[in-house]
Amino acid sequence: MRRSSLPLFGIKVVDFGQYIAGPAVAMILADLGATVVHIDPPSGPLWDSPANATLNRNKLIVPIDLKTAKGVSQALALIGEADIVVENFRPGVLSRLGIDFTALRSARPELITMSVPGFASNDQLRREWRAFEPVIAASSGVFTNMGVNRVLMGVNPSFSPLPLASAYGTMLAVSATVLALQARERSGIGDQIEVPLACAIMEGLAYNSIRIEDYPLRYKSRRGHEIDRRRELGLPMDLSYESSQELLDPFFRNYKCKDGRMFYVACMSHKHHVKRCLQVLGLYDELVAEGLAEEANTYLPISEWRSDVSLSVYPLPKCWADKIAGRMKAVFLTRSAKEWERIFGNGRFPGAPQRWLQEWISDDHAECAGLMIEIDDPVYGRMIQPGPVAWLEESGEAMLSPAPRKWVTLDQAVAALSAIPAKQPAARSAETSAGWLDGIRILDMSNVIAGPHSASYLARFGAEVIKIDPASPLYDCSNTVIVGMTHMRGKRSVLVDIGTSGGREVFERLVKSVDVVVWNATDGQVKRMGLDLEGLKSLNVGAIFCQLDCFGGVRRGPRSDYLGYDNLVQAATGIMLRFGGSAERPEDHAHDGTIDVMCGFGAALGVAAALYQKARTGRAGRTRTSLSALSGLAQVPFCYDYQGRGQFDEPAGPDAKGYDALTRLYETASGRSLLLSAFEEDLPRFARVEGLEGLADVPKEDRASFLAEAMGKASAEEWWSRFNAADIGAAICEDIEAIRSANSRPADGAPGTEQGSYSFSIFRDHPSGHAVTQVDPYAIRSVVGKISAPSPAEKYGASTRQVLRWLQYAEAEMDALLAAGAISESWSCEYLPS
């Protein structure tokens with residue numbers, strides 16, 4: 001299949017990016033068909049890594065010295081041919097060099113510029129910091145209180161090598177770029193966009209930073225209770241890894257198999273998965289006989305339950321959790337992890353063996369599905385790299401054979417861009433303050449996090465989103481209402497039983513009324529629902545269908561139809577083993593929705609690409625992404641292989657403090673930890689740092705101890721001041737709760753883009769009846785496109801009648817559907833069941 005079939009074919013991009021986020025944005029645009037010219041300094045990229053082979057695939061590379069007038073003139077010649085320009089320097093750097101985006105867009109309003117700085121340009125405190133990935137992570141609370149396991153074990157702060165800020169920032173920036181591109185087709189006007197990485201990571205951690213006042217105790221996990229107990233009694237946080245694992249829910253933990261490999265079970269909260277799991281393990285009947293109940297309505301207040309326990313509700317009481325886990329341990333020892341993977345996959349309930357990243361890179365499914373691809377790099381030879389993060393079904397095959405990076409002269413680069421006919425956007429609209437998605441209606445059929453988050457994200461750009469859920473819930477309220485407070489924002493909620501004839505009619509009317517349908521489902525589920533290619537055409541030939549799943553790729557692989565969640569992708573792709581540090585002690589990477597949220601942004605990118613294609617050609621495409629596809633971006637600094645590659649030795653385990661002595665966590669005299677982030681070439685700068693003047697003379701193997709001793713002699717604040725004065729990357733390890741507390745304001749209907757790098761809103765009158773504090777939708781900052789703050793999440797079912805009225809149902813018809821159970825107006829009396 002030719003690249004000309006790709007949705008962004010004919011779009012021209014100039015990429016000034018260095019390190020990860022900027023180059024990754026341009027890489028994804030190139031994967032989707034754009035022609036990209038990447039600019040490096042004459043001395044080469046600022047980050048010397050094999051990962052550059054991935055980040056610069058499908059690109060022409062030109063060396064240009066931007067510190068000279070000649071170099072700036074050369075860069076401007078390339079920009080003159082471009083539709084999109086990408087950069088990720090500190091705010092104002094390019095402008096001071098003579099490349100001013102505002103001026104460029106004044107001359108060419110159709111130009112789209114994307115800036116991805118570390119901190120926001122309106123953050124007067126941090127905008128000039130050397131904002132390397134670990135600095136942003138430390139400043140944004142990523143390393144502190146990194147998961148309840150680490151808190152209980154007293155490992156605080158914890159270092160992780162996952163480039164979360166760059167990964168979230170990449171997906172937000174590239175989706176915003178393509179959203180602006182499709183909007184340009186209507187208005188003729190481009191945009192000037194900024195996506196600060198600090199804002200991106202806070203949005204990525206939205207499910208971790210939310211605060212719900214008077215949170216009902218029924219939702220607190222056993223680990224949460226243990227943390228409270230120790231704090232109240234003044235006990236140390238010194239729990240062993242083994243003891244911490246015994247506090248996990250039996251349906252959300254690892255089990256050792258016959259072959260010694262650990263197997264992760266992720267069945268909790270779903271109405272059917274737990275039961276299927278216990279039945280296959282041969283434990284269901286005996287546990288029911290011993291009193292394990294299945295409460296008919298777990299959305300009732302827990303005081304009204306018939307029993308103190310219900311299957312599929314998280315968390316289980318200690319007595320039942322310990323009993324079930326003990327029996328499951330014994331059963332798992334009877335088969336190998338590979339056998340269990342097949343049993344769980346075929347049985348349609350989620351579980352996966354723990355694998356190292358090196359195993360995943362060469363995994364049969366990853367290869368067959370196109371989740372890992374091969375490319376002949378001019379430096380490293382035959383190389384395995386992550387596949388595309390999002391694609392259209394009709395053209396995805398063309399993305400599996402990318403061109404290797406290629407160094408060219410300036411004349412060759414200019415010729416490559418000028419050879420592509422300039423696309424003439426539509427006539428300029430008089431209205432320039434509209435949202436990029438004004439007039440677009442989306443039907444969101446998704447559950448859990450990734451799919452629903454994508455639709456909520458799109459709502460801020462003006463899309464109208466209708467969320468459809470079953471009339472009777474499939475998930476426990478911890479997995480609907482709690483997480484829904486984040487991803488249900490900006491949506492109208494409708495409850496429908498599609499299995500009934502009346503409910504099916506409601507569903508089909510909805511599908512016929514929308515521009516986009518989003519669903520996280522396997523191919524089999526899509527076909528059974530009648531939303532495969534032919535089925536959707538018969539309902540709505542112009543609708544774009546966006547499909548998300550766990551293990552899907554451009555091609556089908558052995559495990560394409562296996563169910564799964566974020567945690568299972570962490571297990572399957574090596575994230576848990578790296579975080580835990582060994583095959584015997586895998587740990588969930590700390591944050592809820594780590595890959596889920598990235599995948600949600602990936603779905604939004606796919607929708608944007610399909611909308612652009614439809615605007616250009618009239619064809620409504622089918623777009624896809626998966627959690628597994630995003631795992632490569634989350635691990636891009638080390639997710640590759642080639643003959644002669646060194647060991648997979650990135651920082652791992654609870655004892656990891658950093659990459660080396662110069663990028664490392666240090667404890668200071670004030671008791672607060674400080675993250676130092678410097679490179680070998682920065683050593684001369686340390687001569688200007690009081691107390692570290694002699695660091696350059698210290699042998700490399702002794703630097704960590706030298707720095708650790710020195711750091712213990714002054715406070716974190718003092719060390720940060722000294723490093724900042726010498727322009728050395730450093731940050732005090734902040735806490736997410738402290739960041740939220742210091743940067744919260746009463747909700748005012750604004751998206752928070754004027755608030756700098758951190759911004760939260762307090763909803764005192766939240767529909768739940770609880771005061772809720774949430775991170776603002778503020779990472780995308782555009783000059784032209786209007787960004788709105790979506791409304792708070794309404795109660796599930798609150799808009800059922802309103803939406804049916806809009807679908808031309810009479811009141812009597814709705815009453816009949818309600819009586820028949822085809823629709824519902826609520827799952828519970830309380831918004832958040834107590």
# chains A, B, ... in the order shown; residues from 1 in each chain; ligands from 1
$ residues_around --residues "Glu246 (chain A)" --least-positions-apart "3" --cutoff "9 Å" --atoms "only C-alpha atoms" --output "ChimeraX atom specification"
/A:241-243,249-250,321-322,325
$ write_last_selection --atoms "all heavy atoms" --output "short mmCIF file (atom, residue, chain, number, x, y, z; two decimals), in the first residue's frame"
data_model
loop_
_atom_site.label_atom_id
_atom_site.label_comp_id
_atom_site.auth_asym_id
_atom_site.auth_seq_id
_atom_site.Cartn_x
_atom_site.Cartn_y
_atom_site.Cartn_z
N TYR A 241 7.65 -5.87 50.47
CA TYR A 241 6.96 -6.05 49.19
C TYR A 241 5.95 -7.19 49.29
O TYR A 241 4.81 -7.06 48.85
CB TYR A 241 7.97 -6.35 48.08
CG TYR A 241 7.33 -6.82 46.79
CD1 TYR A 241 6.80 -5.90 45.89
CD2 TYR A 241 7.24 -8.18 46.48
CE1 TYR A 241 6.20 -6.33 44.71
CE2 TYR A 241 6.65 -8.60 45.31
CZ TYR A 241 6.12 -7.68 44.43
OH TYR A 241 5.52 -8.11 43.26
N GLU A 242 6.37 -8.31 49.89
CA GLU A 242 5.50 -9.48 49.99
C GLU A 242 4.23 -9.15 50.78
O GLU A 242 3.12 -9.54 50.40
CB GLU A 242 6.25 -10.63 50.64
CG GLU A 242 7.36 -11.23 49.80
CD GLU A 242 8.59 -10.33 49.71
OE1 GLU A 242 8.75 -9.44 50.59
OE2 GLU A 242 9.39 -10.51 48.76
N SER A 243 4.39 -8.42 51.88
CA SER A 243 3.22 -8.07 52.69
C SER A 243 2.31 -7.10 51.96
O SER A 243 1.08 -7.18 52.06
CB SER A 243 3.67 -7.46 54.02
OG SER A 243 4.41 -8.39 54.77
N ASP A 249 -6.40 -6.80 46.00
CA ASP A 249 -7.61 -7.55 45.71
C ASP A 249 -7.23 -8.82 44.95
O ASP A 249 -6.34 -8.78 44.08
CB ASP A 249 -8.54 -6.69 44.85
CG ASP A 249 -9.91 -7.31 44.69
OD1 ASP A 249 -10.10 -8.12 43.75
OD2 ASP A 249 -10.79 -6.98 45.49
N PRO A 250 -7.86 -9.96 45.23
CA PRO A 250 -7.49 -11.20 44.54
C PRO A 250 -7.70 -11.17 43.04
O PRO A 250 -7.09 -11.96 42.31
CB PRO A 250 -8.40 -12.25 45.20
CG PRO A 250 -9.51 -11.49 45.83
CD PRO A 250 -8.92 -10.18 46.24
N ALA A 321 -11.12 -11.64 50.68
CA ALA A 321 -9.96 -11.42 49.81
C ALA A 321 -8.87 -12.43 50.12
O ALA A 321 -8.28 -13.02 49.20
CB ALA A 321 -9.44 -10.00 49.99
N ASP A 322 -8.58 -12.65 51.38
CA ASP A 322 -7.52 -13.59 51.76
C ASP A 322 -7.90 -15.03 51.38
O ASP A 322 -7.06 -15.80 50.89
CB ASP A 322 -7.25 -13.50 53.26
CG ASP A 322 -6.58 -12.17 53.64
OD1 ASP A 322 -6.10 -11.48 52.74
OD2 ASP A 322 -6.57 -11.85 54.85
N ALA A 325 -7.80 -15.36 47.44
CA ALA A 325 -6.43 -15.28 46.94
C ALA A 325 -5.66 -16.56 47.27
O ALA A 325 -4.89 -17.06 46.44
CB ALA A 325 -5.73 -14.06 47.52
#
$ residues_around --residues "region 117-127 of chain A" --least-positions-apart "6" --cutoff "10 Å" --atoms "only C-alpha atoms" --output "ChimeraX atom specification"
/A:21-22,87-92,133,135-136,139,165-166,169,194-200,753-758,779,781
$ residues_around --residues "region 501-517 of chain A" --least-positions-apart "2" --cutoff "10 Å" --atoms "only C-alpha atoms" --output "PyMOL selection string"
chain A and resi 439-446+455+463-466+468+470-471+495-499+519+529-531+536-547+607+610-611+620+622+803-804+806-809+813-814+816-818+820-823
$ closest_residue --among "A:Glu226, A:Asp660, A:Glu734, A:Asp549" --to "Pro161 (chain A)" --atoms "only C-alpha atoms"
A:Asp660
$ residues_around --residues "Ala53 (chain A)" --least-positions-apart "6" --cutoff "12 Å" --atoms "only C-alpha atoms" --output "PyMOL selection string"
chain A and resi 19-20+23-24+27+45+47+59-61+374-386+402-407+636-642
$ residues_around --residues "Gly694 (chain A)" --least-positions-apart "5" --cutoff "12 Å" --atoms "only C-alpha atoms" --output "number ranges by chain"
A: 683-689, 699, 703, 706-707, 710
$ atom_distance --atom1 "CA of Leu66 (chain A)" --atom2 "CA of Ile84 (chain A)"
18.5 Å
$ residues_around --residues "Ala583 (chain A)" --least-positions-apart "2" --cutoff "10 Å" --atoms "only C-alpha atoms" --output "list of chain:residue names"
A:Gly260, A:Arg261, A:Met262, A:Gln354, A:Arg355, A:Trp356, A:Gly574, A:Met576, A:Leu577, A:Arg578, A:Gly580, A:Gly581, A:Arg585, A:Pro586
$ select_by_dssp --residues "region 582-765 of chain A" --states "alpha helix (DSSP H)" --output "MDAnalysis selection string"
chainID A and resid 594:617 627:634 703:711 716:725 736:742
$ closest_atom_pairs --of "region 76-172 of chain A" --to "region 4-15 of chain A" --cutoff "12 Å" --atoms "only C-alpha atoms" --output "CSV"
residue,atom,partner,partner_atom,distance
A:Leu76,CA,A:Val14,CA,9.9
A:Ala77,CA,A:Val14,CA,10.4
A:Leu78,CA,A:Val14,CA,6.9
A:Ile79,CA,A:Val14,CA,6.3
A:Gly80,CA,A:Val14,CA,9.6
A:Glu81,CA,A:Lys12,CA,7.3
A:Ala82,CA,A:Lys12,CA,4.8
A:Asp83,CA,A:Lys12,CA,5.2
A:Ile84,CA,A:Val13,CA,4.7
A:Val85,CA,A:Val14,CA,4.8
A:Val86,CA,A:Asp15,CA,4.9
A:Glu87,CA,A:Asp15,CA,6.3
A:Asn88,CA,A:Asp15,CA,9.4
A:Phe89,CA,A:Asp15,CA,11.6
A:Leu111,CA,A:Val13,CA,10.2
A:Ile112,CA,A:Val13,CA,9.5
A:Thr113,CA,A:Val14,CA,9.6
A:Met114,CA,A:Asp15,CA,9.7
A:Ser115,CA,A:Asp15,CA,10.5
A:Val116,CA,A:Asp15,CA,11.6
$ write_last_selection --atoms "N, CA, C and O atoms" --output "PDB file, in the first residue's frame"
ATOM      1  N   LEU A  76      13.915  29.650   7.647  1.00  0.00           N
ATOM      2  CA  LEU A  76      12.737  30.377   7.172  1.00  0.00           C
ATOM      3  C   LEU A  76      12.350  29.954   5.758  1.00  0.00           C
ATOM      4  O   LEU A  76      11.158  29.929   5.414  1.00  0.00           O
ATOM      5  N   ALA A  77      13.343  29.597   4.943  1.00  0.00           N
ATOM      6  CA  ALA A  77      13.040  29.107   3.595  1.00  0.00           C
ATOM      7  C   ALA A  77      12.247  27.806   3.668  1.00  0.00           C
ATOM      8  O   ALA A  77      11.308  27.592   2.886  1.00  0.00           O
ATOM      9  N   LEU A  78      12.597  26.935   4.604  1.00  0.00           N
ATOM     10  CA  LEU A  78      11.856  25.688   4.780  1.00  0.00           C
ATOM     11  C   LEU A  78      10.449  25.967   5.323  1.00  0.00           C
ATOM     12  O   LEU A  78       9.460  25.388   4.860  1.00  0.00           O
ATOM     13  N   ILE A  79      10.358  26.851   6.304  1.00  0.00           N
ATOM     14  CA  ILE A  79       9.052  27.170   6.893  1.00  0.00           C
ATOM     15  C   ILE A  79       8.124  27.759   5.833  1.00  0.00           C
ATOM     16  O   ILE A  79       6.905  27.525   5.852  1.00  0.00           O
ATOM     17  N   GLY A  80       8.703  28.495   4.889  1.00  0.00           N
ATOM     18  CA  GLY A  80       7.889  29.085   3.836  1.00  0.00           C
ATOM     19  C   GLY A  80       7.150  28.069   2.993  1.00  0.00           C
ATOM     20  O   GLY A  80       6.158  28.401   2.342  1.00  0.00           O
ATOM     21  N   GLU A  81       7.620  26.829   2.998  1.00  0.00           N
ATOM     22  CA  GLU A  81       6.977  25.753   2.240  1.00  0.00           C
ATOM     23  C   GLU A  81       6.033  24.909   3.099  1.00  0.00           C
ATOM     24  O   GLU A  81       5.347  24.030   2.585  1.00  0.00           O
ATOM     25  N   ALA A  82       6.008  25.154   4.419  1.00  0.00           N
ATOM     26  CA  ALA A  82       5.377  24.213   5.354  1.00  0.00           C
ATOM     27  C   ALA A  82       3.926  24.551   5.676  1.00  0.00           C
ATOM     28  O   ALA A  82       3.508  25.710   5.628  1.00  0.00           O
ATOM     29  N   ASP A  83       3.176  23.521   6.025  1.00  0.00           N
ATOM     30  CA  ASP A  83       1.844  23.671   6.617  1.00  0.00           C
ATOM     31  C   ASP A  83       1.936  23.746   8.135  1.00  0.00           C
ATOM     32  O   ASP A  83       1.135  24.410   8.785  1.00  0.00           O
ATOM     33  N   ILE A  84       2.899  22.999   8.694  1.00  0.00           N
ATOM     34  CA  ILE A  84       3.012  22.838  10.148  1.00  0.00           C
ATOM     35  C   ILE A  84       4.471  23.005  10.548  1.00  0.00           C
ATOM     36  O   ILE A  84       5.369  22.497   9.867  1.00  0.00           O
ATOM     37  N   VAL A  85       4.699  23.690  11.654  1.00  0.00           N
ATOM     38  CA  VAL A  85       6.037  23.806  12.236  1.00  0.00           C
ATOM     39  C   VAL A  85       5.965  23.334  13.682  1.00  0.00           C
ATOM     40  O   VAL A  85       5.053  23.720  14.422  1.00  0.00           O
ATOM     41  N   VAL A  86       6.929  22.503  14.087  1.00  0.00           N
ATOM     42  CA  VAL A  86       6.962  21.940  15.441  1.00  0.00           C
ATOM     43  C   VAL A  86       8.276  22.321  16.109  1.00  0.00           C
ATOM     44  O   VAL A  86       9.341  22.220  15.499  1.00  0.00           O
ATOM     45  N   GLU A  87       8.210  22.757  17.379  1.00  0.00           N
ATOM     46  CA  GLU A  87       9.428  23.029  18.147  1.00  0.00           C
ATOM     47  C   GLU A  87       9.160  22.761  19.619  1.00  0.00           C
ATOM     48  O   GLU A  87       8.006  22.822  20.074  1.00  0.00           O
ATOM     49  N   ASN A  88      10.227  22.463  20.377  1.00  0.00           N
ATOM     50  CA  ASN A  88      10.055  22.233  21.813  1.00  0.00           C
ATOM     51  C   ASN A  88      11.197  22.824  22.637  1.00  0.00           C
ATOM     52  O   ASN A  88      11.665  22.233  23.595  1.00  0.00           O
ATOM     53  N   PHE A  89      11.610  24.044  22.258  1.00  0.00           N
ATOM     54  CA  PHE A  89      12.589  24.767  23.054  1.00  0.00           C
ATOM     55  C   PHE A  89      11.901  25.488  24.217  1.00  0.00           C
ATOM     56  O   PHE A  89      10.671  25.498  24.325  1.00  0.00           O
ATOM     57  N   LEU A 111      -0.739  28.947   8.327  1.00  0.00           N
ATOM     58  CA  LEU A 111       0.312  28.168   8.980  1.00  0.00           C
ATOM     59  C   LEU A 111      -0.149  27.697  10.361  1.00  0.00           C
ATOM     60  O   LEU A 111      -0.805  28.440  11.103  1.00  0.00           O
ATOM     61  N   ILE A 112       0.210  26.461  10.703  1.00  0.00           N
ATOM     62  CA  ILE A 112      -0.055  25.911  12.040  1.00  0.00           C
ATOM     63  C   ILE A 112       1.291  25.731  12.734  1.00  0.00           C
ATOM     64  O   ILE A 112       2.179  25.057  12.198  1.00  0.00           O
ATOM     65  N   THR A 113       1.449  26.330  13.898  1.00  0.00           N
ATOM     66  CA  THR A 113       2.683  26.171  14.668  1.00  0.00           C
ATOM     67  C   THR A 113       2.384  25.468  15.973  1.00  0.00           C
ATOM     68  O   THR A 113       1.364  25.723  16.613  1.00  0.00           O
ATOM     69  N   MET A 114       3.273  24.577  16.358  1.00  0.00           N
ATOM     70  CA  MET A 114       3.110  23.817  17.599  1.00  0.00           C
ATOM     71  C   MET A 114       4.368  23.964  18.445  1.00  0.00           C
ATOM     72  O   MET A 114       5.463  23.574  18.021  1.00  0.00           O
ATOM     73  N   SER A 115       4.223  24.527  19.629  1.00  0.00           N
ATOM     74  CA  SER A 115       5.326  24.665  20.581  1.00  0.00           C
ATOM     75  C   SER A 115       5.070  23.746  21.764  1.00  0.00           C
ATOM     76  O   SER A 115       3.959  23.715  22.301  1.00  0.00           O
ATOM     77  N   VAL A 116       6.100  23.001  22.167  1.00  0.00           N
ATOM     78  CA  VAL A 116       5.970  22.040  23.270  1.00  0.00           C
ATOM     79  C   VAL A 116       7.072  22.321  24.297  1.00  0.00           C
ATOM     80  O   VAL A 116       8.024  21.552  24.429  1.00  0.00           O
TER      81      VAL A 116
END
$ residues_around --residues "Gly552 (chain A)" --least-positions-apart "3" --cutoff "9 Å" --atoms "only C-alpha atoms" --output "ChimeraX atom specification"
/A:369-371,522,548-549,555-557,559-562,624-629
$ closest_residue --among "A:Asp259, A:Glu584, A:Asp649, A:Asp191" --to "Trp340 (chain A)" --atoms "only C-alpha atoms"
A:Asp259
$ closest_residue --among "A:Asn208, A:Thr617, A:Ser478, A:Ser187" --to "Val313 (chain A)" --atoms "only C-alpha atoms"
A:Ser478
$ select_by_dssp --residues "region 590-746 of chain A" --states "strand (DSSP E or B)" --output "list in words"
Arg622, Thr623, Arg624, Thr625, Ser626, Asp641, Tyr642, Gly658, Tyr659, Asp660, Thr663, Arg664, Leu665, Tyr666, Glu667, Ser673, Leu674, Leu675, Leu676, Ser677, Gly729, Ala730, Ala731, Ile732, Ser744, Arg745 and Pro746 of chain A
$ closest_atom_pairs --of "region 126-197 of chain A" --to "region 716-729 of chain A" --cutoff "9 Å" --atoms "only C-alpha atoms" --output "Markdown table"
| residue | atom | partner | partner_atom | distance |
| --- | --- | --- | --- | --- |
| A:Glu128 | CA | A:Asp727 | CA | 9.0 |
| A:Trp129 | CA | A:Gly729 | CA | 6.9 |
| A:Arg130 | CA | A:Gly729 | CA | 4.9 |
| A:Ala131 | CA | A:Gly729 | CA | 6.6 |
| A:Phe132 | CA | A:Gly729 | CA | 6.8 |
| A:Pro134 | CA | A:Gly729 | CA | 8.9 |
| A:Val135 | CA | A:Gly729 | CA | 6.7 |
$ write_last_selection --atoms "N, CA and C atoms" --output "PDB file, in the first residue's frame"
ATOM      1  N   GLU A 128      11.913  29.553  32.321  1.00  0.00           N
ATOM      2  CA  GLU A 128      13.305  29.567  31.881  1.00  0.00           C
ATOM      3  C   GLU A 128      14.124  28.402  32.438  1.00  0.00           C
ATOM      4  N   TRP A 129      13.499  27.509  33.204  1.00  0.00           N
ATOM      5  CA  TRP A 129      14.243  26.363  33.743  1.00  0.00           C
ATOM      6  C   TRP A 129      14.733  25.464  32.609  1.00  0.00           C
ATOM      7  N   ARG A 130      15.816  24.750  32.867  1.00  0.00           N
ATOM      8  CA  ARG A 130      16.242  23.683  31.945  1.00  0.00           C
ATOM      9  C   ARG A 130      15.311  22.497  32.187  1.00  0.00           C
ATOM     10  N   ALA A 131      14.274  22.441  31.441  1.00  0.00           N
ATOM     11  CA  ALA A 131      13.159  21.541  31.737  1.00  0.00           C
ATOM     12  C   ALA A 131      13.342  20.179  31.076  1.00  0.00           C
ATOM     13  N   PHE A 132      14.341  19.434  31.530  1.00  0.00           N
ATOM     14  CA  PHE A 132      14.502  18.067  31.061  1.00  0.00           C
ATOM     15  C   PHE A 132      13.382  17.203  31.641  1.00  0.00           C
ATOM     16  N   PRO A 134      13.130  14.524  33.619  1.00  0.00           N
ATOM     17  CA  PRO A 134      13.040  14.276  35.068  1.00  0.00           C
ATOM     18  C   PRO A 134      12.722  15.531  35.874  1.00  0.00           C
ATOM     19  N   VAL A 135      13.148  16.696  35.391  1.00  0.00           N
ATOM     20  CA  VAL A 135      12.845  17.941  36.089  1.00  0.00           C
ATOM     21  C   VAL A 135      11.343  18.191  36.087  1.00  0.00           C
TER      22      VAL A 135
END
$ closest_residue --among "A:Ser312, A:Ser759, A:Ser791, A:Thr623" --to "Cys267 (chain A)" --atoms "only C-alpha atoms"
A:Ser312
$ atom_distance --atom1 "CA of Lys67 (chain A)" --atom2 "CA of Ala103 (chain A)"
19.1 Å
$ decode --residues "region 301-320 of chain A" --atoms "N, CA and C atoms" --output "JSON list (two decimals), in the first residue's frame"
[["chain", "number", "residue", "atom", "x", "y", "z"],
["A", 301, "PRO", "N", -26.90, 1.81, 48.59],
["A", 301, "PRO", "CA", -25.99, 2.05, 49.71],
["A", 301, "PRO", "C", -25.59, 0.71, 50.33],
["A", 302, "ILE", "N", -24.35, 0.59, 50.72],
["A", 302, "ILE", "CA", -23.86, -0.71, 51.19],
["A", 302, "ILE", "C", -24.59, -1.18, 52.43],
["A", 303, "SER", "N", -25.20, -0.23, 53.16],
["A", 303, "SER", "CA", -25.97, -0.59, 54.36],
["A", 303, "SER", "C", -27.24, -1.36, 54.00],
["A", 304, "GLU", "N", -27.65, -1.32, 52.74],
["A", 304, "GLU", "CA", -28.87, -2.00, 52.32],
["A", 304, "GLU", "C", -28.58, -3.34, 51.63],
["A", 305, "TRP", "N", -27.33, -3.74, 51.56],
["A", 305, "TRP", "CA", -27.01, -5.03, 50.95],
["A", 305, "TRP", "C", -27.46, -6.17, 51.85],
["A", 306, "ARG", "N", -27.71, -7.29, 51.22],
["A", 306, "ARG", "CA", -28.09, -8.49, 51.97],
["A", 306, "ARG", "C", -26.90, -9.12, 52.66],
["A", 307, "SER", "N", -25.72, -8.86, 52.13],
["A", 307, "SER", "CA", -24.50, -9.47, 52.65],
["A", 307, "SER", "C", -23.43, -8.40, 52.78],
["A", 308, "ASP", "N", -22.31, -8.75, 53.43],
["A", 308, "ASP", "CA", -21.21, -7.78, 53.55],
["A", 308, "ASP", "C", -20.25, -7.87, 52.36],
["A", 309, "VAL", "N", -20.58, -8.71, 51.38],
["A", 309, "VAL", "CA", -19.70, -8.91, 50.25],
["A", 309, "VAL", "C", -20.52, -9.16, 49.00],
["A", 310, "SER", "N", -19.99, -8.75, 47.85],
["A", 310, "SER", "CA", -20.61, -9.08, 46.59],
["A", 310, "SER", "C", -19.52, -9.32, 45.56],
["A", 311, "LEU", "N", -19.67, -10.37, 44.81],
["A", 311, "LEU", "CA", -18.75, -10.66, 43.72],
["A", 311, "LEU", "C", -18.71, -9.47, 42.76],
["A", 312, "SER", "N", -17.56, -9.19, 42.25],
["A", 312, "SER", "CA", -17.34, -8.14, 41.25],
["A", 312, "SER", "C", -17.33, -6.73, 41.83],
["A", 313, "VAL", "N", -17.29, -6.60, 43.13],
["A", 313, "VAL", "CA", -17.21, -5.29, 43.75],
["A", 313, "VAL", "C", -15.82, -5.11, 44.36],
["A", 314, "TYR", "N", -15.22, -3.96, 44.10],
["A", 314, "TYR", "CA", -13.89, -3.66, 44.62],
["A", 314, "TYR", "C", -14.01, -2.58, 45.68],
["A", 315, "PRO", "N", -13.31, -2.72, 46.83],
["A", 315, "PRO", "CA", -12.49, -3.87, 47.22],
["A", 315, "PRO", "C", -13.30, -4.88, 48.02],
["A", 316, "LEU", "N", -12.84, -6.13, 48.04],
["A", 316, "LEU", "CA", -13.47, -7.17, 48.84],
["A", 316, "LEU", "C", -13.04, -7.04, 50.30],
["A", 317, "PRO", "N", -13.90, -7.44, 51.24],
["A", 317, "PRO", "CA", -13.49, -7.46, 52.65],
["A", 317, "PRO", "C", -12.28, -8.38, 52.85],
["A", 318, "LYS", "N", -11.48, -8.12, 53.87],
["A", 318, "LYS", "CA", -10.23, -8.85, 54.10],
["A", 318, "LYS", "C", -10.44, -10.36, 54.17],
["A", 319, "CYS", "N", -11.45, -10.81, 54.91],
["A", 319, "CYS", "CA", -11.62, -12.26, 55.09],
["A", 319, "CYS", "C", -11.85, -12.95, 53.75],
["A", 320, "TRP", "N", -12.68, -12.33, 52.90],
["A", 320, "TRP", "CA", -12.95, -12.94, 51.60],
["A", 320, "TRP", "C", -11.75, -12.78, 50.65]]
